[in-house]
$ cat entry-v4.pdb   # PDB, C-alpha atoms
ATOM      1  CA  MET Y   1      73.032 -25.745-102.324
ATOM      2  CA  THR Y   2      70.472 -26.829 -99.753
ATOM      3  CA  THR Y   3      71.935 -28.467 -96.624
ATOM      4  CA  ASN Y   4      70.447 -31.161 -94.418
ATOM      5  CA  GLY Y   5      70.351 -28.650 -91.574
ATOM      6  CA  GLU Y   6      68.197 -26.264 -93.576
ATOM      7  CA  ILE Y   7      65.802 -29.050 -94.527
ATOM      8  CA  SER Y   8      65.585 -30.177 -90.894
ATOM      9  CA  ALA Y   9      64.823 -26.602 -89.768
ATOM     10  CA  LEU Y  10      62.111 -26.338 -92.405
ATOM     11  CA  LEU Y  11      60.493 -29.604 -91.313
ATOM     12  CA  GLU Y  12      60.661 -28.596 -87.654
ATOM     13  CA  LYS Y  13      58.933 -25.292 -88.434
ATOM     14  CA  ALA Y  14      56.265 -27.175 -90.420
ATOM     15  CA  ARG Y  15      55.632 -29.486 -87.445
ATOM     16  CA  GLU Y  16      55.321 -26.406 -85.247
ATOM     17  CA  LEU Y  17      52.706 -25.003 -87.643
ATOM     18  CA  ASP Y  18      50.754 -28.275 -87.584
ATOM     19  CA  GLN Y  19      50.696 -28.206 -83.779
ATOM     20  CA  VAL Y  20      49.425 -24.627 -83.671
ATOM     21  CA  ARG Y  21      46.709 -25.464 -86.176
ATOM     22  CA  LYS Y  22      45.628 -28.474 -84.124
ATOM     23  CA  GLU Y  23      45.367 -26.303 -81.009
ATOM     24  CA  LEU Y  24      43.442 -23.695 -83.003
ATOM     25  CA  ASP Y  25      41.000 -26.302 -84.319
ATOM     26  CA  ASP Y  26      40.497 -27.642 -80.779
ATOM     27  CA  THR Y  27      39.816 -24.117 -79.527
ATOM     28  CA  PHE Y  28      37.223 -23.448 -82.219
ATOM     29  CA  MET Y  29      35.590 -26.767 -81.393
ATOM     30  CA  GLU Y  30      35.263 -25.676 -77.765
ATOM     31  CA  ILE Y  31      33.855 -22.304 -78.862
ATOM     32  CA  ASN Y  32      31.262 -23.999 -81.066
ATOM     33  CA  LYS Y  33      30.278 -26.367 -78.249
ATOM     34  CA  LEU Y  34      29.720 -23.407 -75.948
ATOM     35  CA  HIS Y  35      27.730 -21.561 -78.620
ATOM     36  CA  LYS Y  36      25.513 -24.626 -79.031
ATOM     37  CA  LYS Y  37      25.009 -24.900 -75.283
ATOM     38  CA  ILE Y  38      23.955 -21.245 -75.088
ATOM     39  CA  SER Y  39      21.573 -21.700 -78.016
ATOM     40  CA  CYS Y  40      20.011 -24.957 -76.849
ATOM     41  CA  SER Y  41      19.875 -24.382 -73.077
ATOM     42  CA  PRO Y  42      19.609 -20.625 -72.371
ATOM     43  CA  GLU Y  43      17.872 -21.318 -69.048
ATOM     44  CA  MET Y  44      20.919 -23.277 -67.830
ATOM     45  CA  VAL Y  45      23.315 -20.579 -68.988
ATOM     46  CA  GLU Y  46      21.376 -17.885 -67.108
ATOM     47  CA  LYS Y  47      22.252 -19.599 -63.821
ATOM     48  CA  SER Y  48      25.967 -19.087 -64.435
ATOM     49  CA  VAL Y  49      26.031 -16.353 -67.082
ATOM     50  CA  ASP Y  50      29.226 -14.704 -65.753
ATOM     51  CA  ALA Y  51      31.172 -17.964 -65.819
ATOM     52  CA  VAL Y  52      29.936 -18.787 -69.319
ATOM     53  CA  LEU Y  53      30.800 -15.358 -70.700
ATOM     54  CA  ASN Y  54      34.235 -15.402 -69.053
ATOM     55  CA  LYS Y  55      34.908 -18.852 -70.529
ATOM     56  CA  LEU Y  56      33.823 -17.670 -73.988
ATOM     57  CA  ARG Y  57      35.966 -14.546 -73.718
ATOM     58  CA  SER Y  58      38.964 -16.653 -72.690
ATOM     59  CA  LEU Y  59      38.472 -19.002 -75.647
ATOM     60  CA  TYR Y  60      38.262 -16.137 -78.117
ATOM     61  CA  ALA Y  61      41.427 -14.590 -76.678
ATOM     62  CA  GLN Y  62      43.172 -17.962 -76.999
ATOM     63  CA  ALA Y  63      41.978 -18.314 -80.606
ATOM     64  CA  LYS Y  64      43.266 -14.830 -81.401
ATOM     65  CA  ASP Y  65      46.716 -15.600 -79.975
ATOM     66  CA  LEU Y  66      46.908 -18.917 -81.826
ATOM     67  CA  SER Y  67      45.821 -17.286 -85.096
ATOM     68  CA  GLU Y  68      48.509 -14.627 -84.771
ATOM     69  CA  ASN Y  69      51.063 -17.337 -83.983
ATOM     70  CA  GLU Y  70      49.952 -19.275 -87.062
ATOM     71  CA  VAL Y  71      50.472 -16.222 -89.276
ATOM     72  CA  SER Y  72      53.926 -15.660 -87.774
ATOM     73  CA  ILE Y  73      54.995 -19.281 -88.354
ATOM     74  CA  SER Y  74      53.542 -19.297 -91.879
ATOM     75  CA  SER Y  75      55.496 -16.145 -92.711
ATOM     76  CA  ALA Y  76      58.679 -17.711 -91.354
ATOM     77  CA  LEU Y  77      58.076 -20.810 -93.473
ATOM     78  CA  ALA Y  78      57.539 -18.657 -96.564
ATOM     79  CA  ASN Y  79      60.840 -16.872 -95.921
ATOM     80  CA  MET Y  80      62.650 -20.174 -95.398
ATOM     81  CA  LEU Y  81      61.239 -21.528 -98.667
ATOM     82  CA  ASP Y  82      62.344 -18.368-100.477
ATOM     83  CA  GLY Y  83      65.859 -18.849 -99.131
ATOM     84  CA  LEU Y  84      65.975 -22.504-100.120
ATOM     85  CA  THR Y  85      64.768 -21.871-103.669
ATOM     86  CA  GLN Y  86      66.563 -18.649-104.613
ATOM     87  CA  SER Y  87      68.107 -20.363-107.606
ATOM     88  CA  GLY Y  88      64.744 -21.577-108.853
ATOM     89  CA  GLY Y  89      62.613 -18.502-109.297
ATOM     90  CA  PRO Y  90      59.414 -20.125-110.528
ATOM     91  CA  VAL Y  91      59.537 -22.754-107.783
ATOM     92  CA  ALA Y  92      60.036 -20.132-105.096
ATOM     93  CA  THR Y  93      57.116 -18.126-106.428
ATOM     94  CA  ARG Y  94      54.897 -21.187-106.475
ATOM     95  CA  LYS Y  95      55.820 -22.198-102.902
ATOM     96  CA  LYS Y  96      55.188 -18.723-101.569
ATOM     97  CA  SER Y  97      51.846 -18.622-103.361
ATOM     98  CA  GLU Y  98      50.857 -21.936-101.801
ATOM     99  CA  VAL Y  99      51.643 -20.654 -98.307
ATOM    100  CA  ASN Y 100      49.665 -17.465 -98.948
ATOM    101  CA  GLU Y 101      46.695 -19.456-100.196
ATOM    102  CA  THR Y 102      46.866 -21.598 -97.067
ATOM    103  CA  LYS Y 103      46.803 -18.481 -94.900
ATOM    104  CA  LYS Y 104      43.811 -17.089 -96.818
ATOM    105  CA  LYS Y 105      41.935 -20.374 -96.470
ATOM    106  CA  ARG Y 106      42.659 -20.502 -92.747
ATOM    107  CA  LYS Y 107      41.357 -16.946 -92.312
ATOM    108  CA  ALA Y 108      38.170 -17.788 -94.218
ATOM    109  CA  ASP Y 109      37.668 -20.948 -92.146
ATOM    110  CA  THR Y 110      38.134 -18.868 -88.985
ATOM    111  CA  GLU Y 111      35.341 -16.551 -90.082
ATOM    112  CA  LEU Y 112      33.215 -19.609 -90.788
ATOM    113  CA  SER Y 113      33.739 -21.107 -87.341
ATOM    114  CA  ARG Y 114      32.678 -17.875 -85.641
ATOM    115  CA  PHE Y 115      29.546 -17.542 -87.746
ATOM    116  CA  SER Y 116      27.686 -20.529 -86.390
ATOM    117  CA  ALA Y 117      27.776 -23.518 -84.092
ATOM    118  CA  ALA Y 118      26.701 -25.798 -86.944
ATOM    119  CA  PRO Y 119      28.228 -29.300 -86.811
ATOM    120  CA  SER Y 120      29.881 -29.275 -90.236
ATOM    121  CA  ILE Y 121      31.317 -26.901 -92.799
ATOM    122  CA  ARG Y 122      28.771 -28.064 -95.363
ATOM    123  CA  THR Y 123      25.917 -27.296 -92.960
ATOM    124  CA  GLN Y 124      27.341 -23.850 -92.223
ATOM    125  CA  LEU Y 125      27.681 -23.065 -95.927
ATOM    126  CA  GLU Y 126      24.123 -24.191 -96.566
ATOM    127  CA  GLN Y 127      22.931 -22.063 -93.674
ATOM    128  CA  ALA Y 128      24.729 -19.024 -95.081
ATOM    129  CA  ALA Y 129      23.480 -19.661 -98.632
ATOM    130  CA  SER Y 130      19.907 -19.971 -97.354
ATOM    131  CA  LEU Y 131      20.028 -16.330 -96.238
ATOM    132  CA  LYS Y 132      19.799 -15.122 -99.847
ATOM    133  CA  GLY Y 133      16.899 -12.676-100.084
ATOM    134  CA  GLU Y 134      16.727 -12.340 -96.276
ATOM    135  CA  GLN Y 135      17.329  -9.248 -94.194
ATOM    136  CA  VAL Y 136      20.248  -9.586 -91.777
ATOM    137  CA  ALA Y 137      22.279  -7.386 -89.450
ATOM    138  CA  ALA Y 138      25.592  -6.330 -91.000
ATOM    139  CA  ARG Y 139      28.611  -4.413 -89.711
ATOM    140  CA  VAL Y 140      29.514  -2.184 -92.636
ATOM    141  CA  THR Y 141      32.472  -0.458 -90.991
ATOM    142  CA  PRO Y 142      36.039  -1.842 -91.360
ATOM    143  CA  ASP Y 143      37.974  -3.451 -88.510
ATOM    144  CA  ASN Y 144      40.072  -0.306 -87.943
ATOM    145  CA  ALA Y 145      37.068   2.022 -87.582
ATOM    146  CA  GLU Y 146      36.649   3.974 -84.335
ATOM    147  CA  LYS Y 147      33.211   2.459 -83.772
ATOM    148  CA  ASP Y 148      31.078  -0.302 -85.245
ATOM    149  CA  GLU Y 149      28.055   0.582 -87.344
ATOM    150  CA  TRP Y 150      25.402  -2.086 -87.879
ATOM    151  CA  PHE Y 151      22.507  -1.809 -90.325
ATOM    152  CA  ILE Y 152      19.728  -3.950 -91.725
ATOM    153  CA  VAL Y 153      20.761  -5.143 -95.192
ATOM    154  CA  LYS Y 154      19.429  -7.631 -97.700
ATOM    155  CA  VAL Y 155      21.558 -10.617 -98.742
ATOM    156  CA  THR Y 156      21.816 -10.785-102.538
ATOM    157  CA  HIS Y 157      24.470 -13.511-102.854
ATOM    158  CA  PHE Y 158      26.772 -15.784-100.852
ATOM    159  CA  ASP Y 159      30.123 -16.817-102.349
ATOM    160  CA  ARG Y 160      30.948 -20.305-101.071
ATOM    161  CA  ASP Y 161      34.580 -20.110-102.207
ATOM    162  CA  SER Y 162      35.502 -16.853-100.461
ATOM    163  CA  LYS Y 163      32.831 -17.342 -97.763
ATOM    164  CA  GLU Y 164      31.675 -13.753 -98.239
ATOM    165  CA  PHE Y 165      28.236 -12.179 -98.499
ATOM    166  CA  GLU Y 166      27.120  -9.657-101.065
ATOM    167  CA  VAL Y 167      24.513  -7.419 -99.427
ATOM    168  CA  LEU Y 168      22.425  -4.380-100.300
ATOM    169  CA  ASP Y 169      21.594  -1.498 -97.986
ATOM    170  CA  GLU Y 170      18.084  -0.791 -99.232
ATOM    171  CA  GLU Y 171      17.690   2.388 -97.188
ATOM    172  CA  PRO Y 172      18.617   5.483 -99.273
ATOM    173  CA  GLY Y 173      20.827   8.164 -97.748
ATOM    174  CA  ASP Y 174      19.780  11.665 -96.677
ATOM    175  CA  ASP Y 175      20.535  12.870-100.180
ATOM    176  CA  GLU Y 176      17.664  11.873-102.486
ATOM    177  CA  GLU Y 177      20.174  11.173-105.224
ATOM    178  CA  THR Y 178      22.159   8.761-103.061
ATOM    179  CA  MET Y 179      22.082   5.269-104.526
ATOM    180  CA  GLN Y 180      21.515   2.151-102.470
ATOM    181  CA  LYS Y 181      24.861   0.895-101.210
ATOM    182  CA  LYS Y 182      26.268  -2.552-101.893
ATOM    183  CA  TYR Y 183      28.801  -4.295 -99.681
ATOM    184  CA  ARG Y 184      30.885  -7.480 -99.811
ATOM    185  CA  LEU Y 185      31.353  -8.680 -96.247
ATOM    186  CA  PRO Y 186      32.940 -11.693 -94.486
ATOM    187  CA  MET Y 187      30.780 -13.980 -92.392
ATOM    188  CA  SER Y 188      32.061 -12.464 -89.138
ATOM    189  CA  ARG Y 189      30.279  -9.205 -89.999
ATOM    190  CA  ILE Y 190      26.866 -10.780 -90.615
ATOM    191  CA  LEU Y 191      24.317 -11.727 -87.932
ATOM    192  CA  PRO Y 192      21.090 -13.478 -89.001
ATOM    193  CA  PHE Y 193      17.884 -12.303 -87.344
ATOM    194  CA  PRO Y 194      15.493 -14.788 -85.695
ATOM    195  CA  LYS Y 195      12.789 -15.960 -88.100
ATOM    196  CA  LYS Y 196       9.679 -13.788 -87.803
ATOM    197  CA  ASN Y 197       7.422 -16.766 -88.473
ATOM    198  CA  ASP Y 198       9.215 -19.010 -85.957
ATOM    199  CA  PRO Y 199       9.362 -17.163 -82.608
ATOM    200  CA  SER Y 200      10.122 -20.373 -80.716
ATOM    201  CA  ASN Y 201      13.714 -20.200 -81.965
ATOM    202  CA  ALA Y 202      14.276 -16.633 -80.771
ATOM    203  CA  PRO Y 203      16.877 -16.473 -77.968
ATOM    204  CA  GLU Y 204      15.806 -15.674 -74.417
ATOM    205  CA  PHE Y 205      18.028 -12.939 -73.019
ATOM    206  CA  SER Y 206      18.419 -12.496 -69.254
ATOM    207  CA  GLN Y 207      17.624  -9.265 -67.430
ATOM    208  CA  GLY Y 208      20.557  -6.874 -67.619
ATOM    209  CA  GLN Y 209      22.094  -8.680 -70.608
ATOM    210  CA  GLN Y 210      23.395  -6.473 -73.410
ATOM    211  CA  VAL Y 211      22.177  -7.075 -76.952
ATOM    212  CA  LEU Y 212      22.261  -5.486 -80.391
ATOM    213  CA  ALA Y 213      18.838  -4.287 -81.517
ATOM    214  CA  VAL Y 214      17.160  -2.248 -84.244
ATOM    215  CA  TYR Y 215      16.247   1.166 -82.859
ATOM    216  CA  PRO Y 216      12.505   1.748 -83.409
ATOM    217  CA  GLY Y 217      11.722   3.636 -86.597
ATOM    218  CA  THR Y 218      15.196   3.111 -88.112
ATOM    219  CA  THR Y 219      17.252   0.458 -89.914
ATOM    220  CA  ALA Y 220      20.254   0.869 -87.601
ATOM    221  CA  LEU Y 221      21.230  -1.409 -84.708
ATOM    222  CA  TYR Y 222      22.590  -0.157 -81.395
ATOM    223  CA  LYS Y 223      23.679  -1.637 -78.095
ATOM    224  CA  ALA Y 224      20.843  -2.018 -75.602
ATOM    225  CA  THR Y 225      20.168  -3.619 -72.227
ATOM    226  CA  VAL Y 226      17.349  -6.083 -71.593
ATOM    227  CA  VAL Y 227      14.892  -4.720 -69.013
ATOM    228  CA  ASN Y 228      12.465  -7.635 -68.836
ATOM    229  CA  SER Y 229      14.042 -11.095 -69.050
ATOM    230  CA  HIS Y 230      10.788 -12.997 -69.597
ATOM    231  CA  ARG Y 231       8.339 -12.320 -72.393
ATOM    232  CA  LYS Y 232       4.740 -13.388 -71.784
ATOM    233  CA  LYS Y 233       4.671 -15.101 -75.179
ATOM    234  CA  LYS Y 234       7.448 -16.178 -77.499
ATOM    235  CA  SER Y 235       6.142 -13.660 -80.029
ATOM    236  CA  ASP Y 236       6.187 -10.723 -77.587
ATOM    237  CA  ASP Y 237       8.544  -7.792 -77.963
ATOM    238  CA  TYR Y 238      11.668  -7.341 -75.893
ATOM    239  CA  VAL Y 239      11.693  -4.390 -73.500
ATOM    240  CA  LEU Y 240      15.033  -2.639 -73.943
ATOM    241  CA  GLU Y 241      16.963   0.438 -72.842
ATOM    242  CA  PHE Y 242      19.283   1.727 -75.561
ATOM    243  CA  ASP Y 243      22.655   3.236 -74.679
ATOM    244  CA  ASP Y 244      22.925   7.010 -75.229
ATOM    245  CA  ASP Y 245      19.129   7.264 -75.516
ATOM    246  CA  GLU Y 246      18.660   9.497 -72.495
ATOM    247  CA  GLU Y 247      15.493  11.579 -72.185
ATOM    248  CA  ASP Y 248      14.908  13.910 -69.220
ATOM    249  CA  GLY Y 249      17.735  12.314 -67.266
ATOM    250  CA  SER Y 250      16.680   8.690 -67.728
ATOM    251  CA  LEU Y 251      16.687   5.959 -70.376
ATOM    252  CA  PRO Y 252      13.229   5.279 -71.837
ATOM    253  CA  GLN Y 253      12.121   1.670 -72.127
ATOM    254  CA  ARG Y 254      11.379   0.736 -75.739
ATOM    255  CA  ASN Y 255       9.638  -2.290 -77.180
ATOM    256  CA  VAL Y 256      11.533  -4.048 -79.972
ATOM    257  CA  PRO Y 257      10.194  -7.107 -81.878
ATOM    258  CA  PHE Y 258      12.029 -10.347 -81.069
ATOM    259  CA  TYR Y 259      13.055 -10.738 -84.738
ATOM    260  CA  LYS Y 260      15.032  -7.488 -84.631
ATOM    261  CA  VAL Y 261      17.272  -8.382 -81.676
ATOM    262  CA  VAL Y 262      20.545 -10.357 -81.825
ATOM    263  CA  PRO Y 263      23.327 -11.171 -79.304
ATOM    264  CA  LEU Y 264      25.887  -8.412 -78.789
ATOM    265  CA  PRO Y 265      29.011  -9.256 -80.840
ATOM    266  CA  GLU Y 266      32.278  -9.819 -78.968
ATOM    267  CA  GLY Y 267      34.325  -6.612 -78.780
ATOM    268  CA  HIS Y 268      31.505  -4.351 -80.018
ATOM    269  CA  ARG Y 269      32.554  -0.680 -80.210
ATOM    270  CA  GLN Y 270      29.966   2.069 -79.961
TER     271      GLN Y 270
END
$ encode --input "entry-v4.pdb" --output "structure tokens"
Amino acid sequence: MTTNGEISALLEKARELDQVRKELDDTFMEINKLHKKISCSPEMVEKSVDAVLNKLRSLYAQAKDLSENEVSISSALANMLDGLTQSGGPVATRKKSEVNETKKKRKADTELSRFSAAPSIRTQLEQAASLKGEQVAARVTPDNAEKDEWFIVKVTHFDRDSKEFEVLDEEPGDDEETMQKKYRLPMSRILPFPKKNDPSNAPEFSQGQQVLAVYPGTTALYKATVVNSHRKKKSDDYVLEFDDDEEDGSLPQRNVPFYKVVPLPEGHRQ
């Protein structure tokens, strides 16, 4: 029989979960504000780039801790519900399922918040859906891989419910019989390229800033450093030095079109 003490403990744990979620939502709001500031006023950010990047890194670390705390509290709530409903099997199963669905939704919403600084979920979903048929940068390696591998892929579908992309790697493998690969990827592993026909919206990277760029003559993206921070025209190429691209003891400077360069993802492993 369920006691008042057990109910009180359950409600207290639920209030704790609500508080963590509120803090997490506030953190994502701050992250999105900073993303928007970087996008809209790159010249202002350049003046204090270290402070901005440190602030962004701190916010992401805070979001990670809060997300892990949310999972821990949700698991504890699921266990408490199991204990309270042992005599009612179907009810216990339903409650546990509801908690799991909540966790899945929260994870999907987290991916959504990191994808864009758009003002609303509807806008973000529309932005993602509009990428159908477009080429984007995609990390095809799993989270536990030793290094990240990014390739140009084509978006074939966006699932609004799961907030996942279906993409196609159009480049065949070394083996002529290798088929084109298809992937289903969360939003956090997709980076849209700047529009080729709208160079005014391409980001301006500062000298010495690290980016992710398509290596000339390939469909793979690698970490590179910006050599020239100011292009003569918005449509000009970036001048980059790619990591591990040494020739005769120095890194050659390579020109890469603006529509094949994106910001370096947080925590990139190469």
$ atom_distance --input "entry-v4.pdb" --atom1 "CA of Leu17 (chain Y)" --atom2 "CA of Leu53 (chain Y)"
29.3 Å
$ closest_residue --input "entry-v4.pdb" --among "Y:Thr141, Y:Pro252, Y:Val261, Y:Glu16" --to "Pro199 (chain Y)" --atoms "all atoms listed in the file"
Y:Val261
$ residues_around --input "entry-v4.pdb" --residues "Gly133 (chain Y)" --least-positions-apart "6" --cutoff "7 Å" --atoms "only C-alpha atoms" --output "compact mmCIF listing (two decimals) with C-alpha atoms, keeping the file's coordinate frame"
# COMPACT_ATOMS: atom_id res chain seq x y z
CA LYS Y 154 19.43 -7.63 -97.70
CA VAL Y 155 21.56 -10.62 -98.74
CA THR Y 156 21.82 -10.78 -102.54
$ closest_atom_pairs --input "entry-v4.pdb" --of "region 205-245 of chain Y" --to "region 186-191 of chain Y" --cutoff "12 Å" --atoms "all atoms listed in the file" --output "JSON lines"
{"residue": "Y:Leu212", "atom": "CA", "partner": "Y:Leu191", "partner_atom": "CA", "distance": 10.0}
{"residue": "Y:Ala213", "atom": "CA", "partner": "Y:Leu191", "partner_atom": "CA", "distance": 11.2}
{"residue": "Y:Leu221", "atom": "CA", "partner": "Y:Leu191", "partner_atom": "CA", "distance": 11.2}
$ resolve_selection --input "entry-v4.pdb" --expression "the PyMOL selection byres ((chain Y and resi 150) around 7)" --output "JSON, numbers by chain"
{"Y": [137, 138, 139, 140, 148, 149, 151, 220, 221]}
$ atom_distance --input "entry-v4.pdb" --atom1 "CA of Pro265 (chain Y)" --atom2 "CA of Gly249 (chain Y)"
27.9 Å
$ closest_residue --input "entry-v4.pdb" --among "Y:Leu59, Y:Val49, Y:Arg122, Y:Glu70" --to "Arg15 (chain Y)" --atoms "only C-alpha atoms"
Y:Glu70
$ resolve_selection --input "entry-v4.pdb" --expression "the PyMOL selection byres ((chain Y and resi 20) around 12)" --output "PDB file with C-alpha atoms, in the coordinates of the input"
ATOM      1  CA  LYS Y  13      58.933 -25.292 -88.434  1.00  0.00           C
ATOM      2  CA  ALA Y  14      56.265 -27.175 -90.420  1.00  0.00           C
ATOM      3  CA  ARG Y  15      55.632 -29.486 -87.445  1.00  0.00           C
ATOM      4  CA  GLU Y  16      55.321 -26.406 -85.247  1.00  0.00           C
ATOM      5  CA  LEU Y  17      52.706 -25.003 -87.643  1.00  0.00           C
ATOM      6  CA  ASP Y  18      50.754 -28.275 -87.584  1.00  0.00           C
ATOM      7  CA  GLN Y  19      50.696 -28.206 -83.779  1.00  0.00           C
ATOM      8  CA  ARG Y  21      46.709 -25.464 -86.176  1.00  0.00           C
ATOM      9  CA  LYS Y  22      45.628 -28.474 -84.124  1.00  0.00           C
ATOM     10  CA  GLU Y  23      45.367 -26.303 -81.009  1.00  0.00           C
ATOM     11  CA  LEU Y  24      43.442 -23.695 -83.003  1.00  0.00           C
ATOM     12  CA  ASP Y  25      41.000 -26.302 -84.319  1.00  0.00           C
ATOM     13  CA  ASP Y  26      40.497 -27.642 -80.779  1.00  0.00           C
ATOM     14  CA  THR Y  27      39.816 -24.117 -79.527  1.00  0.00           C
ATOM     15  CA  GLN Y  62      43.172 -17.962 -76.999  1.00  0.00           C
ATOM     16  CA  ALA Y  63      41.978 -18.314 -80.606  1.00  0.00           C
ATOM     17  CA  LYS Y  64      43.266 -14.830 -81.401  1.00  0.00           C
ATOM     18  CA  ASP Y  65      46.716 -15.600 -79.975  1.00  0.00           C
ATOM     19  CA  LEU Y  66      46.908 -18.917 -81.826  1.00  0.00           C
ATOM     20  CA  SER Y  67      45.821 -17.286 -85.096  1.00  0.00           C
ATOM     21  CA  GLU Y  68      48.509 -14.627 -84.771  1.00  0.00           C
ATOM     22  CA  ASN Y  69      51.063 -17.337 -83.983  1.00  0.00           C
ATOM     23  CA  GLU Y  70      49.952 -19.275 -87.062  1.00  0.00           C
ATOM     24  CA  VAL Y  71      50.472 -16.222 -89.276  1.00  0.00           C
ATOM     25  CA  SER Y  72      53.926 -15.660 -87.774  1.00  0.00           C
ATOM     26  CA  ILE Y  73      54.995 -19.281 -88.354  1.00  0.00           C
ATOM     27  CA  SER Y  74      53.542 -19.297 -91.879  1.00  0.00           C
TER      28      SER Y  74
END
$ atom_distance --input "entry-v4.pdb" --atom1 "CA of Gly217 (chain Y)" --atom2 "CA of Gln127 (chain Y)"
28.9 Å
$ resolve_selection --input "entry-v4.pdb" --expression "the PyMOL selection byres ((chain Y and resi 158-168) around 10)" --output "PyMOL selection string"
chain Y and resi 104-105+108-109+111-112+122+125-126+128-136+138+140+152-157+169-171+180-190
$ closest_residue --input "entry-v4.pdb" --among "Y:Phe193, Y:Phe242, Y:Phe258, Y:Tyr222" --to "Phe205 (chain Y)" --atoms "all atoms listed in the file"
Y:Phe258
$ closest_residue --input "entry-v4.pdb" --among "Y:Ser200, Y:Gln210, Y:Asn144, Y:Thr218" --to "Glu266 (chain Y)" --atoms "all atoms listed in the file"
Y:Gln210
$ decode --input "entry-v4.pdb" --residues "region 138-143 of chain Y" --atoms "all heavy atoms" --output "PDB file, in the first residue's frame"
ATOM      1  N   ALA Y 138      27.795  16.737 -42.959  1.00  0.00           N
ATOM      2  CA  ALA Y 138      27.244  15.771 -42.009  1.00  0.00           C
ATOM      3  C   ALA Y 138      28.361  14.979 -41.344  1.00  0.00           C
ATOM      4  O   ALA Y 138      29.314  14.545 -42.005  1.00  0.00           O
ATOM      5  CB  ALA Y 138      26.284  14.810 -42.713  1.00  0.00           C
ATOM      6  N   ARG Y 139      28.227  14.823 -40.006  1.00  0.00           N
ATOM      7  CA  ARG Y 139      29.153  13.926 -39.288  1.00  0.00           C
ATOM      8  C   ARG Y 139      28.534  12.540 -39.315  1.00  0.00           C
ATOM      9  O   ARG Y 139      27.514  12.291 -38.695  1.00  0.00           O
ATOM     10  CB  ARG Y 139      29.371  14.399 -37.850  1.00  0.00           C
ATOM     11  CG  ARG Y 139      30.256  13.431 -37.048  1.00  0.00           C
ATOM     12  CD  ARG Y 139      30.760  14.058 -35.758  1.00  0.00           C
ATOM     13  NE  ARG Y 139      29.705  14.357 -34.820  1.00  0.00           N
ATOM     14  CZ  ARG Y 139      29.202  13.473 -33.950  1.00  0.00           C
ATOM     15  NH1 ARG Y 139      29.648  12.222 -33.939  1.00  0.00           N
ATOM     16  NH2 ARG Y 139      28.265  13.839 -33.101  1.00  0.00           N
ATOM     17  N   VAL Y 140      29.196  11.626 -40.015  1.00  0.00           N
ATOM     18  CA  VAL Y 140      28.640  10.288 -40.208  1.00  0.00           C
ATOM     19  C   VAL Y 140      29.149   9.294 -39.171  1.00  0.00           C
ATOM     20  O   VAL Y 140      28.662   8.163 -39.099  1.00  0.00           O
ATOM     21  CB  VAL Y 140      28.964   9.764 -41.628  1.00  0.00           C
ATOM     22  CG1 VAL Y 140      28.347  10.674 -42.674  1.00  0.00           C
ATOM     23  CG2 VAL Y 140      30.476   9.667 -41.856  1.00  0.00           C
ATOM     24  N   THR Y 141      30.123   9.707 -38.367  1.00  0.00           N
ATOM     25  CA  THR Y 141      30.664   8.812 -37.351  1.00  0.00           C
ATOM     26  C   THR Y 141      29.865   8.926 -36.060  1.00  0.00           C
ATOM     27  O   THR Y 141      29.338   9.995 -35.736  1.00  0.00           O
ATOM     28  CB  THR Y 141      32.139   9.147 -37.054  1.00  0.00           C
ATOM     29  OG1 THR Y 141      32.273  10.574 -36.910  1.00  0.00           O
ATOM     30  CG2 THR Y 141      33.037   8.690 -38.188  1.00  0.00           C
ATOM     31  N   PRO Y 142      29.759   7.831 -35.278  1.00  0.00           N
ATOM     32  CA  PRO Y 142      29.000   7.868 -34.017  1.00  0.00           C
ATOM     33  C   PRO Y 142      29.722   8.672 -32.943  1.00  0.00           C
ATOM     34  O   PRO Y 142      30.893   9.031 -33.097  1.00  0.00           O
ATOM     35  CB  PRO Y 142      28.907   6.382 -33.630  1.00  0.00           C
ATOM     36  CG  PRO Y 142      30.094   5.743 -34.284  1.00  0.00           C
ATOM     37  CD  PRO Y 142      30.288   6.482 -35.572  1.00  0.00           C
ATOM     38  N   ASP Y 143      29.014   8.950 -31.851  1.00  0.00           N
ATOM     39  CA  ASP Y 143      29.575   9.764 -30.771  1.00  0.00           C
ATOM     40  C   ASP Y 143      30.787   9.124 -30.116  1.00  0.00           C
ATOM     41  O   ASP Y 143      31.643   9.825 -29.576  1.00  0.00           O
ATOM     42  CB  ASP Y 143      28.497  10.038 -29.703  1.00  0.00           C
ATOM     43  CG  ASP Y 143      27.388  10.921 -30.229  1.00  0.00           C
ATOM     44  OD1 ASP Y 143      27.647  11.672 -31.201  1.00  0.00           O
ATOM     45  OD2 ASP Y 143      26.268  10.866 -29.693  1.00  0.00           O
TER      46      ASP Y 143
END
